[in-house]
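Accompanying notes for the structure given below.
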Amino acid sequence: MPGKEELRIRSHIISEGVNRVPNRAMLRAVGFQDEDFKKPMIGIASTWGEVTPCNMHIDQLAREAKQGVKNAGGAPLIFNTITVSDGIAMGHEGMLFSLPSREIIADSIETVVGAERFDGVVAIGACDKNTPGCLMAIGRLNLPAVYVYGGTIQPGQLDGKKVDIVTAFEAVGQYHDGKMDDETLHRVECHVCPGAGACGGMYTANTMASAVEALGMSLPGSSSTPAISPGKAAECAEAGKKVLELLEKRIFPRDIMTREAFENAITVVMALGGSTNAFLHLIAMAHSVQVDLTLDDFERIRQRVPHLADLKPSGAYAMQDLNDVGGVPGVMKLLLERGLLHGDCMTVTGKTLAENLAAAPPLHEGQKVIRSFDNPVKPDGPLVVLKGNLAPEGAVAKMSGMKKLRFTGPARVYDSEEEATRAIMNDEIRKGDVLVIRYVGPKGGPGMPEMLSVTAMIVGKGLHGEVALLTDGRFSGGSHGFVVGHVSPEAQVGGPIALLREGDFVTIDSETQQITFAVSPEELEARAKAWSKPPSKASSGVLAKYIRLVSSAARGAVTDLDL
């Protein structure tokens, strides 16, 4: 067994003893020599792939992290896990696999690290599901670990204006409405993604990276440092070094990922106006370390944290703009000074959050990306939890940039995204309608597909804020407008959204935080008795397994709840 100062807290089972000669022989084939077996073994979990610009550079970053581990006296080994591109999967059957990929990432990292008996982990991710998937694995393993965010993409340039992937989605709606010709649409397609990095606004990837920095599981500045900057490579090397320091100090993820740390993460998400996906992912990450985080925690924090960031999709600026004026550390420094963060939380630097932020420069004088507390975008957080007879377990809405806080209208009910898309394209959806897309929840989708294509079409059709969209699916961080998702219980399990009928009047009130439909309890009971569960949309393979195991959105859509 390892001694008190032994850093091989698990790998000693391989690197010691006659019985492990075959095990060591395998490692010699990949480059290990005698001295390497005396060092702690560190896994470098890479989400590299050519399937998305978000992750196309991560193989290089993994090599930087490997060298950092070597320089610090560890024995590193790179291994891969999957990634899927949400942007490429959007709007068709591919999106069914997006949220399940989070579980596959978590399961595969846990599997490799468990099998190889690594002593620590550096995980590097970028696209939306990478960050929570990596953190869920890190939480389950509870081995010294650092997460590195691959970084944000640079904005594209078109006719002197900054553009990004959401520009392309909204251009489709403009095209179908006759406001854009073929040539202009093609030019948009060719300019919105100029190179490596995750989607550039305060969309899901940047939201979750910011949350993890606030959580203390990545190095200061990780979430806002651009993908192609020299600082990102240096950060990976530093992450490799820090894992060895965490091993020496016996600082483990569950020492960092505490309830207070999750409250810090929620606070930063609210201040930045992040993606509604933060609800799903933070609850799932908390579950991995046995912290009981609920929708009510988000609501409690929302009420005391103002929305300060003028960031896309509802604002003017991109993540790179935030980086240029002081980044997420500058925002956190501001929040800490106002007493909105728990400064005594431990981080992967081996220092507290307050100690880290003491060394961070403040936001630049005169910058416009982050508003002052006296002039917020919104006096409280924009991510609102709604409950009522339509969503007894809860639903979530993003109210940033919205002037209308209450919406009442007739339900236009569709049982698939494809049906709803055709209705929008055929001008069947009009001002004042509540567009409902159901049977697309975690079990019903399956996989709780995002509705960015639908919301972008609504914007492109000139119906932004004039049509409400309600779904038991979810939204991309790029979605904006009067949109409500994560309706729980979902339709597939007989939730009230399954009982909604065409023409029922639905009320969404972000001030009273209620989401209701005008149907009597007696009528609801009669509809429930008449309802029958539709067959599952997958009977084999990964989606069938997901359907059997996945929890409700209100519980993070996780697949490892106690049965």
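In the structure tokens, each chain is lettered A, B, ... as it comes, each chain's residues begin at 1, and ligands are numbered from 1 in order of appearance.
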
For this session: Can you pull out every residue within 7 Å of stretch 34-47 of chain A, counting only C-alpha atoms, but drop anything in the same chain fewer than 6 positions away, and send it as a ChimeraX atom specification?
Result: /A:7-8,11,15,55,58-59,62,66,73-83,109,113,118-125

Problem set entry | Nearby residues (only C-alpha atoms) at most 7 Å from A:Lys443, same-chain spacing under 6 positions excluded, as a PyMOL selection string | chain A and resi 492+547+550

For this session: Would you list the contacts of A:Met425 as number ranges by chain, taking every protein, DNA or RNA residue within 10 Å and counting only C-alpha atoms, but skipping same-chain residues closer than 4 positions in sequence?
Result: A: 173, 176-177, 420-421, 429, 454, 457-458, 461

Could the residues in this selection be saved with all heavy atoms as a PDB file, in the first residue's frame?
```
ATOM      1  N   GLY A 173     -34.253  31.475 -41.241  1.00  0.00           N
ATOM      2  CA  GLY A 173     -35.593  32.026 -41.075  1.00  0.00           C
ATOM      3  C   GLY A 173     -35.822  33.243 -41.962  1.00  0.00           C
ATOM      4  O   GLY A 173     -36.899  33.402 -42.557  1.00  0.00           O
ATOM      5  N   HIS A 176     -36.376  32.013 -45.536  1.00  0.00           N
ATOM      6  CA  HIS A 176     -37.718  31.471 -45.758  1.00  0.00           C
ATOM      7  C   HIS A 176     -38.792  32.557 -45.736  1.00  0.00           C
ATOM      8  O   HIS A 176     -39.873  32.365 -46.295  1.00  0.00           O
ATOM      9  CB  HIS A 176     -38.042  30.400 -44.712  1.00  0.00           C
ATOM     10  CG  HIS A 176     -37.354  29.092 -44.953  1.00  0.00           C
ATOM     11  ND1 HIS A 176     -37.535  28.339 -46.081  1.00  0.00           N
ATOM     12  CD2 HIS A 176     -36.452  28.392 -44.190  1.00  0.00           C
ATOM     13  CE1 HIS A 176     -36.813  27.245 -46.021  1.00  0.00           C
ATOM     14  NE2 HIS A 176     -36.138  27.250 -44.894  1.00  0.00           N
ATOM     15  N   ASP A 177     -38.485  33.685 -45.130  1.00  0.00           N
ATOM     16  CA  ASP A 177     -39.439  34.796 -45.088  1.00  0.00           C
ATOM     17  C   ASP A 177     -39.226  35.766 -46.246  1.00  0.00           C
ATOM     18  O   ASP A 177     -39.842  36.825 -46.282  1.00  0.00           O
ATOM     19  CB  ASP A 177     -39.304  35.536 -43.747  1.00  0.00           C
ATOM     20  CG  ASP A 177     -40.592  36.242 -43.353  1.00  0.00           C
ATOM     21  OD1 ASP A 177     -41.686  35.710 -43.648  1.00  0.00           O
ATOM     22  OD2 ASP A 177     -40.510  37.329 -42.746  1.00  0.00           O
ATOM     23  N   ALA A 420     -43.794  21.173 -36.103  1.00  0.00           N
ATOM     24  CA  ALA A 420     -43.776  22.593 -35.735  1.00  0.00           C
ATOM     25  C   ALA A 420     -42.997  23.414 -36.752  1.00  0.00           C
ATOM     26  O   ALA A 420     -43.397  24.540 -37.103  1.00  0.00           O
ATOM     27  CB  ALA A 420     -43.165  22.751 -34.342  1.00  0.00           C
ATOM     28  N   THR A 421     -41.889  22.862 -37.244  1.00  0.00           N
ATOM     29  CA  THR A 421     -41.080  23.570 -38.246  1.00  0.00           C
ATOM     30  C   THR A 421     -41.892  23.823 -39.511  1.00  0.00           C
ATOM     31  O   THR A 421     -41.869  24.927 -40.073  1.00  0.00           O
ATOM     32  CB  THR A 421     -39.819  22.755 -38.581  1.00  0.00           C
ATOM     33  OG1 THR A 421     -39.028  22.619 -37.395  1.00  0.00           O
ATOM     34  CG2 THR A 421     -38.992  23.443 -39.654  1.00  0.00           C
ATOM     35  N   ILE A 429     -48.227  29.821 -37.868  1.00  0.00           N
ATOM     36  CA  ILE A 429     -48.066  30.328 -36.504  1.00  0.00           C
ATOM     37  C   ILE A 429     -48.110  31.850 -36.565  1.00  0.00           C
ATOM     38  O   ILE A 429     -47.371  32.480 -37.330  1.00  0.00           O
ATOM     39  CB  ILE A 429     -46.734  29.855 -35.889  1.00  0.00           C
ATOM     40  CG1 ILE A 429     -46.641  28.320 -35.938  1.00  0.00           C
ATOM     41  CG2 ILE A 429     -46.586  30.364 -34.464  1.00  0.00           C
ATOM     42  CD1 ILE A 429     -47.745  27.600 -35.197  1.00  0.00           C
ATOM     43  N   VAL A 454     -35.902  25.963 -34.465  1.00  0.00           N
ATOM     44  CA  VAL A 454     -37.257  26.510 -34.355  1.00  0.00           C
ATOM     45  C   VAL A 454     -37.221  27.945 -33.847  1.00  0.00           C
ATOM     46  O   VAL A 454     -37.867  28.833 -34.418  1.00  0.00           O
ATOM     47  CB  VAL A 454     -38.116  25.621 -33.429  1.00  0.00           C
ATOM     48  CG1 VAL A 454     -39.480  26.256 -33.200  1.00  0.00           C
ATOM     49  CG2 VAL A 454     -38.275  24.232 -34.016  1.00  0.00           C
ATOM     50  N   MET A 457     -35.960  30.272 -36.492  1.00  0.00           N
ATOM     51  CA  MET A 457     -36.961  30.527 -37.531  1.00  0.00           C
ATOM     52  C   MET A 457     -37.997  31.541 -37.061  1.00  0.00           C
ATOM     53  O   MET A 457     -38.442  32.405 -37.834  1.00  0.00           O
ATOM     54  CB  MET A 457     -37.653  29.225 -37.928  1.00  0.00           C
ATOM     55  CG  MET A 457     -36.849  28.368 -38.870  1.00  0.00           C
ATOM     56  SD  MET A 457     -37.834  26.970 -39.455  1.00  0.00           S
ATOM     57  CE  MET A 457     -36.645  26.216 -40.556  1.00  0.00           C
ATOM     58  N   ILE A 458     -38.386  31.432 -35.792  1.00  0.00           N
ATOM     59  CA  ILE A 458     -39.346  32.393 -35.239  1.00  0.00           C
ATOM     60  C   ILE A 458     -38.769  33.806 -35.313  1.00  0.00           C
ATOM     61  O   ILE A 458     -39.450  34.755 -35.717  1.00  0.00           O
ATOM     62  CB  ILE A 458     -39.715  32.009 -33.792  1.00  0.00           C
ATOM     63  CG1 ILE A 458     -40.583  30.744 -33.785  1.00  0.00           C
ATOM     64  CG2 ILE A 458     -40.427  33.153 -33.078  1.00  0.00           C
ATOM     65  CD1 ILE A 458     -40.812  30.159 -32.407  1.00  0.00           C
ATOM     66  N   LYS A 461     -38.596  34.982 -38.905  1.00  0.00           N
ATOM     67  CA  LYS A 461     -39.926  35.297 -39.417  1.00  0.00           C
ATOM     68  C   LYS A 461     -40.492  36.598 -38.842  1.00  0.00           C
ATOM     69  O   LYS A 461     -41.623  36.985 -39.156  1.00  0.00           O
ATOM     70  CB  LYS A 461     -40.892  34.148 -39.103  1.00  0.00           C
ATOM     71  CG  LYS A 461     -40.731  32.920 -39.979  1.00  0.00           C
ATOM     72  CD  LYS A 461     -41.377  33.121 -41.342  1.00  0.00           C
ATOM     73  CE  LYS A 461     -41.433  31.838 -42.130  1.00  0.00           C
ATOM     74  NZ  LYS A 461     -42.117  32.008 -43.432  1.00  0.00           N
TER      75      LYS A 461
END
```

For this session: May I ask which of the residues A:Arg422, A:Lys398, A:Arg10, A:Arg501 is the closest one to A:Arg474, counting only C-alpha atoms?
Result: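 Counting only C-alpha atoms, the residue closest to A:Arg474 is A:Lys398.
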
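Between atom CA of A:Ala544 and atom CA of A:Thr559 lies a distance of 12.1 Å.
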
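What separates atom CA of A:Glu245 from atom CA of A:Gln67 is a distance of 15.2 Å.
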
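Across the structure, atom CA of A:Ala265 and atom CA of A:Pro442 are spaced 24.1 Å apart.
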
Exercise. Counting only C-alpha atoms, what is within 7 Å of stretch 254-261 of chain A, bar same-chain residues fewer than 2 positions away, as a VMD selection string?
Worked result: chain A and resid 139 142 215 to 216 251 to 252 263 to 265 289 291 342 345 to 347

For this session: Could you give me the residues within stretch 389-522 of chain A that DSSP places in strand (DSSP E), as a ChimeraX atom specification?
Result: /A:391-398,406-414,434-437,468-471,483-488,505-509,514-517

Kindly export the residues of the current selection with N, CA and C atoms, as a short mmCIF file (atom, residue, chain, number, x, y, z; two decimals), in the first residue's frame.
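Once everything was written out, this is out-v3.cif:
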```
data_model
loop_
_atom_site.label_atom_id
_atom_site.label_comp_id
_atom_site.auth_asym_id
_atom_site.auth_seq_id
_atom_site.Cartn_x
_atom_site.Cartn_y
_atom_site.Cartn_z
N ALA A 391 -46.65 22.46 -15.35
CA ALA A 391 -45.30 21.97 -15.05
C ALA A 391 -45.14 21.85 -13.54
N PRO A 392 -45.76 20.85 -12.91
CA PRO A 392 -45.70 20.73 -11.44
C PRO A 392 -44.28 20.58 -10.90
N GLU A 393 -43.38 19.90 -11.64
CA GLU A 393 -41.99 19.76 -11.18
C GLU A 393 -41.13 20.95 -11.58
N GLY A 394 -41.64 21.75 -12.52
CA GLY A 394 -40.90 22.94 -12.91
C GLY A 394 -40.61 23.00 -14.40
N ALA A 395 -40.36 24.22 -14.86
CA ALA A 395 -39.90 24.51 -16.22
C ALA A 395 -38.96 25.69 -16.10
N VAL A 396 -38.18 25.95 -17.15
CA VAL A 396 -37.22 27.05 -17.08
C VAL A 396 -37.39 27.96 -18.28
N ALA A 397 -37.18 29.25 -18.05
CA ALA A 397 -37.27 30.26 -19.10
C ALA A 397 -36.10 31.20 -18.98
N LYS A 398 -35.65 31.72 -20.12
CA LYS A 398 -34.59 32.72 -20.14
C LYS A 398 -35.20 34.05 -20.55
N ARG A 406 -45.12 38.66 -19.41
CA ARG A 406 -46.28 37.78 -19.27
C ARG A 406 -46.84 37.51 -20.65
N PHE A 407 -47.23 36.28 -20.88
CA PHE A 407 -47.74 35.90 -22.20
C PHE A 407 -48.92 34.98 -22.01
N THR A 408 -50.04 35.30 -22.64
CA THR A 408 -51.21 34.44 -22.64
C THR A 408 -51.68 34.27 -24.08
N GLY A 409 -51.92 33.04 -24.46
CA GLY A 409 -52.38 32.80 -25.81
C GLY A 409 -52.84 31.38 -26.00
N PRO A 410 -53.46 31.12 -27.16
CA PRO A 410 -53.95 29.77 -27.45
C PRO A 410 -52.80 28.83 -27.79
N ALA A 411 -52.91 27.61 -27.33
CA ALA A 411 -51.89 26.61 -27.60
C ALA A 411 -52.01 26.10 -29.03
N ARG A 412 -50.87 26.05 -29.72
CA ARG A 412 -50.77 25.39 -31.02
C ARG A 412 -49.88 24.18 -30.78
N VAL A 413 -50.47 23.01 -30.74
CA VAL A 413 -49.83 21.82 -30.19
C VAL A 413 -49.28 20.91 -31.29
N TYR A 414 -47.98 20.58 -31.15
CA TYR A 414 -47.32 19.68 -32.10
C TYR A 414 -46.55 18.62 -31.31
N VAL A 434 -49.13 30.37 -28.61
CA VAL A 434 -48.18 29.64 -27.78
C VAL A 434 -47.88 28.33 -28.51
N LEU A 435 -46.73 28.27 -29.14
CA LEU A 435 -46.32 27.10 -29.89
C LEU A 435 -45.80 26.04 -28.93
N VAL A 436 -46.42 24.87 -28.93
CA VAL A 436 -46.07 23.79 -28.00
C VAL A 436 -45.45 22.64 -28.80
N ILE A 437 -44.25 22.24 -28.40
CA ILE A 437 -43.61 21.05 -28.98
C ILE A 437 -43.39 20.07 -27.84
N ALA A 468 -44.83 32.68 -28.15
CA ALA A 468 -44.16 31.94 -27.07
C ALA A 468 -43.95 30.50 -27.52
N LEU A 469 -42.84 29.92 -27.11
CA LEU A 469 -42.54 28.52 -27.42
C LEU A 469 -42.39 27.75 -26.12
N LEU A 470 -43.14 26.67 -26.03
CA LEU A 470 -43.19 25.86 -24.81
C LEU A 470 -42.88 24.42 -25.18
N THR A 471 -41.95 23.79 -24.44
CA THR A 471 -41.55 22.43 -24.80
C THR A 471 -41.04 21.65 -23.59
N VAL A 483 -39.26 31.84 -24.65
CA VAL A 483 -39.14 30.39 -24.77
C VAL A 483 -39.09 29.75 -23.38
N VAL A 484 -39.82 28.67 -23.22
CA VAL A 484 -39.88 27.93 -21.95
C VAL A 484 -39.61 26.46 -22.26
N GLY A 485 -38.63 25.89 -21.57
CA GLY A 485 -38.29 24.50 -21.81
C GLY A 485 -38.21 23.69 -20.53
N HIS A 486 -37.78 22.44 -20.67
CA HIS A 486 -37.57 21.52 -19.55
C HIS A 486 -38.88 21.27 -18.79
N VAL A 487 -40.03 21.40 -19.44
CA VAL A 487 -41.31 21.20 -18.75
C VAL A 487 -41.35 19.79 -18.16
N SER A 488 -41.54 19.73 -16.86
CA SER A 488 -41.51 18.45 -16.14
C SER A 488 -42.74 18.31 -15.25
N PHE A 505 -55.99 27.83 -23.50
CA PHE A 505 -55.26 29.08 -23.23
C PHE A 505 -54.18 28.83 -22.18
N VAL A 506 -52.96 29.19 -22.56
CA VAL A 506 -51.79 29.01 -21.72
C VAL A 506 -51.30 30.37 -21.24
N THR A 507 -50.94 30.44 -19.96
CA THR A 507 -50.38 31.67 -19.40
C THR A 507 -48.99 31.40 -18.85
N ILE A 508 -48.04 32.20 -19.30
CA ILE A 508 -46.66 32.13 -18.82
C ILE A 508 -46.36 33.47 -18.18
N ASP A 509 -46.13 33.48 -16.88
CA ASP A 509 -45.92 34.73 -16.14
C ASP A 509 -44.60 34.65 -15.40
N GLN A 514 -45.37 31.52 -12.74
CA GLN A 514 -46.38 30.48 -12.94
C GLN A 514 -46.50 30.14 -14.42
N ILE A 515 -46.77 28.87 -14.66
CA ILE A 515 -47.06 28.41 -16.02
C ILE A 515 -48.29 27.51 -15.92
N THR A 516 -49.39 27.98 -16.49
CA THR A 516 -50.67 27.30 -16.29
C THR A 516 -51.44 27.22 -17.60
N PHE A 517 -52.41 26.32 -17.63
CA PHE A 517 -53.38 26.34 -18.72
C PHE A 517 -54.77 26.26 -18.13
#
```

For this session: Could you tell me which of A:Ala227, A:Ile138, A:Leu99, A:Ala214 comes closest to A:Gly343 if we count only C-alpha atoms?
Result: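 Of A:Ala227, A:Ile138, A:Leu99, A:Ala214, the one nearest A:Gly343, counting only C-alpha atoms, is A:Ala214.
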